[in-house]
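Here's the structure, in structure tokens; my notes come after.
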Amino acid sequence: MSTDIQDIYCRLLARNYTAELFADARLDGYKRSGRGLLADCPFCGKPEHLYCSLDKPVYHCFVCEAGGDWLDFLQKQRGLTFREALQHLAQAAGVRLEGFDEAAYRQKARTRDILEVAQRFVSTQLGAATVA
Ligand SMILES: [Zn+2]
């Protein structure tokens with residue numbers, strides 16, 4: 001059976017890895033905002049515009065539009081290869097990597113998650129009722 005990234009993400013979300021990811025990345029000025037964390041964007045430098053959900057393994061910058069999942073974040077922010085980023089997350093989750101299907105992973109659109117996190121953020125900022 002091959003390792004599933006969703007399994008890794010579920011384990012990491014269960015132990016609030018979002019904060020750990022931000023701390024590891026040494027992002028400045030990070031703080032809680034609704035159901036997520038805000039930090040200074042490491043890609044464009046804009047203060048408090050990088051949003052990371054506490055419920056989903058995704059990030060998004062509202063200025064430079066940088067966004068993706070945690071694998072993407074580790075690759076862009078730390079300059080890791082896809083494999084290194086995957087290994088990093090698997091290790092943090094306590095999961096052994098076995099026959100990970102990178103092609104299948106890439107095929108699954110990240111767009112849905114990014115749109116969701118953006119929508120959730122906007123709802124929070126507008127003080128709307130919690131998005132289910
Ligand atoms: Zn940015």
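Starting from 1 in every chain, residues are counted up; chains themselves are A, B, ... following the order of the structure tokens, and ligands are numbered from 1 as listed.
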
Residues up to 12 Å from ligand 1, counting only C-alpha atoms and all ligand atoms: could you list those as a compact mmCIF listing (two decimals) with N, CA and C atoms, in the first residue's frame?
```
# COMPACT_ATOMS: atom_id res chain seq x y z
N LEU A 38 -1.95 34.02 10.58
CA LEU A 38 -1.46 35.01 9.64
C LEU A 38 0.00 35.28 9.94
N ALA A 39 0.79 35.48 8.88
CA ALA A 39 2.20 35.81 9.09
C ALA A 39 2.66 36.74 7.97
N ASP A 40 3.84 37.29 8.16
CA ASP A 40 4.45 38.08 7.10
C ASP A 40 4.77 37.11 5.96
N CYS A 41 4.44 37.49 4.75
CA CYS A 41 4.65 36.59 3.62
C CYS A 41 6.14 36.47 3.29
N PRO A 42 6.68 35.24 3.28
CA PRO A 42 8.10 35.06 2.97
C PRO A 42 8.40 35.25 1.48
N PHE A 43 7.36 35.32 0.66
CA PHE A 43 7.57 35.42 -0.78
C PHE A 43 7.54 36.86 -1.28
N CYS A 44 6.63 37.68 -0.74
CA CYS A 44 6.56 39.08 -1.20
C CYS A 44 6.94 40.06 -0.08
N GLY A 45 7.03 39.55 1.17
CA GLY A 45 7.46 40.39 2.28
C GLY A 45 6.36 41.23 2.91
N LYS A 46 5.16 41.14 2.38
CA LYS A 46 4.05 41.94 2.91
C LYS A 46 3.67 41.44 4.30
N PRO A 47 3.59 42.35 5.29
CA PRO A 47 3.26 41.92 6.66
C PRO A 47 1.84 41.37 6.79
N GLU A 48 1.73 40.28 7.53
CA GLU A 48 0.44 39.68 7.89
C GLU A 48 -0.50 39.42 6.72
N HIS A 49 0.06 38.95 5.63
CA HIS A 49 -0.81 38.62 4.50
C HIS A 49 -0.73 37.15 4.08
N LEU A 50 0.14 36.40 4.75
CA LEU A 50 0.19 34.97 4.45
C LEU A 50 -0.75 34.27 5.42
N TYR A 51 -1.75 33.60 4.86
CA TYR A 51 -2.74 32.92 5.68
C TYR A 51 -2.58 31.41 5.57
N TYR A 59 -1.83 27.09 2.30
CA TYR A 59 -1.47 28.47 2.62
C TYR A 59 -1.82 29.35 1.44
N HIS A 60 -1.96 30.63 1.71
CA HIS A 60 -2.28 31.57 0.63
C HIS A 60 -1.85 32.98 1.02
N CYS A 61 -1.20 33.68 0.09
CA CYS A 61 -0.88 35.08 0.34
C CYS A 61 -1.87 35.94 -0.43
N PHE A 62 -2.45 36.92 0.27
CA PHE A 62 -3.48 37.75 -0.34
C PHE A 62 -2.90 38.92 -1.13
N VAL A 63 -1.58 39.02 -1.17
CA VAL A 63 -0.96 40.07 -1.97
C VAL A 63 -0.35 39.46 -3.24
N CYS A 64 0.59 38.53 -3.06
CA CYS A 64 1.30 37.99 -4.23
C CYS A 64 0.65 36.72 -4.78
N GLU A 65 -0.43 36.27 -4.13
CA GLU A 65 -1.17 35.11 -4.61
C GLU A 65 -0.40 33.80 -4.51
N ALA A 66 0.72 33.81 -3.79
CA ALA A 66 1.43 32.55 -3.57
C ALA A 66 0.48 31.64 -2.80
N GLY A 67 0.45 30.40 -3.15
CA GLY A 67 -0.45 29.50 -2.44
C GLY A 67 -0.26 28.07 -2.85
N PHE A 73 4.57 24.62 -0.02
CA PHE A 73 5.17 25.64 0.84
C PHE A 73 6.62 25.30 1.18
N LYS A 76 8.87 25.79 -1.86
CA LYS A 76 9.12 27.18 -2.23
C LYS A 76 9.86 27.96 -1.15
N GLN A 77 9.47 27.73 0.11
CA GLN A 77 10.03 28.55 1.18
C GLN A 77 11.42 28.07 1.60
```

**Residue list (helix (DSSP H, G or I), DSSP) for range 3-100 of chain A, as a ChimeraX atom specification** = /A:5-14,17-24,70-78,82-93

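Selecting strand (DSSP E or B) from the backbone DSSP output for range 38-108 of chain A yields A:Leu38, A:Ala39, A:Leu50, A:Tyr51, A:Cys52, A:Ser53, A:Val58, A:Tyr59, A:His60, A:Cys61, A:Gly67, A:Gly68, A:Asp69.
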
Could you write those residues out with N, CA and C atoms, as a PDB file, in the first residue's frame?
```pdb
ATOM      1  N   LEU A  38      -1.951  34.017  10.580  1.00  0.00           N
ATOM      2  CA  LEU A  38      -1.462  35.011   9.635  1.00  0.00           C
ATOM      3  C   LEU A  38       0.000  35.283   9.938  1.00  0.00           C
ATOM      4  N   ALA A  39       0.787  35.480   8.883  1.00  0.00           N
ATOM      5  CA  ALA A  39       2.195  35.809   9.086  1.00  0.00           C
ATOM      6  C   ALA A  39       2.660  36.737   7.975  1.00  0.00           C
ATOM      7  N   LEU A  50       0.138  36.403   4.749  1.00  0.00           N
ATOM      8  CA  LEU A  50       0.192  34.972   4.453  1.00  0.00           C
ATOM      9  C   LEU A  50      -0.753  34.271   5.420  1.00  0.00           C
ATOM     10  N   TYR A  51      -1.745  33.597   4.860  1.00  0.00           N
ATOM     11  CA  TYR A  51      -2.737  32.916   5.684  1.00  0.00           C
ATOM     12  C   TYR A  51      -2.576  31.410   5.574  1.00  0.00           C
ATOM     13  N   CYS A  52      -2.652  30.746   6.719  1.00  0.00           N
ATOM     14  CA  CYS A  52      -2.568  29.293   6.752  1.00  0.00           C
ATOM     15  C   CYS A  52      -3.708  28.791   7.620  1.00  0.00           C
ATOM     16  N   SER A  53      -4.556  27.967   7.055  1.00  0.00           N
ATOM     17  CA  SER A  53      -5.695  27.434   7.796  1.00  0.00           C
ATOM     18  C   SER A  53      -5.240  26.452   8.874  1.00  0.00           C
ATOM     19  N   VAL A  58      -3.067  24.002   3.812  1.00  0.00           N
ATOM     20  CA  VAL A  58      -2.849  24.935   2.702  1.00  0.00           C
ATOM     21  C   VAL A  58      -2.449  26.323   3.192  1.00  0.00           C
ATOM     22  N   TYR A  59      -1.832  27.087   2.295  1.00  0.00           N
ATOM     23  CA  TYR A  59      -1.468  28.467   2.619  1.00  0.00           C
ATOM     24  C   TYR A  59      -1.822  29.351   1.443  1.00  0.00           C
ATOM     25  N   HIS A  60      -1.964  30.631   1.710  1.00  0.00           N
ATOM     26  CA  HIS A  60      -2.282  31.571   0.635  1.00  0.00           C
ATOM     27  C   HIS A  60      -1.854  32.980   1.018  1.00  0.00           C
ATOM     28  N   CYS A  61      -1.204  33.681   0.091  1.00  0.00           N
ATOM     29  CA  CYS A  61      -0.876  35.085   0.340  1.00  0.00           C
ATOM     30  C   CYS A  61      -1.870  35.944  -0.426  1.00  0.00           C
ATOM     31  N   GLY A  67       0.454  30.396  -3.150  1.00  0.00           N
ATOM     32  CA  GLY A  67      -0.452  29.503  -2.440  1.00  0.00           C
ATOM     33  C   GLY A  67      -0.260  28.069  -2.853  1.00  0.00           C
ATOM     34  N   GLY A  68      -0.753  27.175  -2.018  1.00  0.00           N
ATOM     35  CA  GLY A  68      -0.644  25.755  -2.318  1.00  0.00           C
ATOM     36  C   GLY A  68      -0.789  24.978  -1.032  1.00  0.00           C
ATOM     37  N   ASP A  69      -0.347  23.737  -1.067  1.00  0.00           N
ATOM     38  CA  ASP A  69      -0.418  22.954   0.165  1.00  0.00           C
ATOM     39  C   ASP A  69       0.941  22.987   0.865  1.00  0.00           C
TER      40      ASP A  69
END
```

**Request:** Within 7 Å of range 4-11 of chain A, counting only C-alpha atoms, which residues show up once you throw out same-chain ones fewer than 4 positions away? Write them as a list in words, please.
**Result:**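 What passes the distance filter is Arg15, Pro57, Ala90, Ala93, Val95 and Phe100 of chain A.
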
With C-alpha atoms retained, export the selected residues as a JSON list (two decimals), in the first residue's frame.
```json
[["chain", "number", "residue", "atom", "x", "y", "z"],
["A", 15, "ARG", "CA", -1.60, 17.90, 16.24],
["A", 57, "PRO", "CA", -2.90, 21.86, 4.93],
["A", 90, "ALA", "CA", 6.11, 12.14, 6.66],
["A", 93, "ALA", "CA", 3.68, 12.79, 11.02],
["A", 95, "VAL", "CA", 4.59, 7.96, 8.74],
["A", 100, "PHE", "CA", 4.21, 7.42, -2.88]]
```
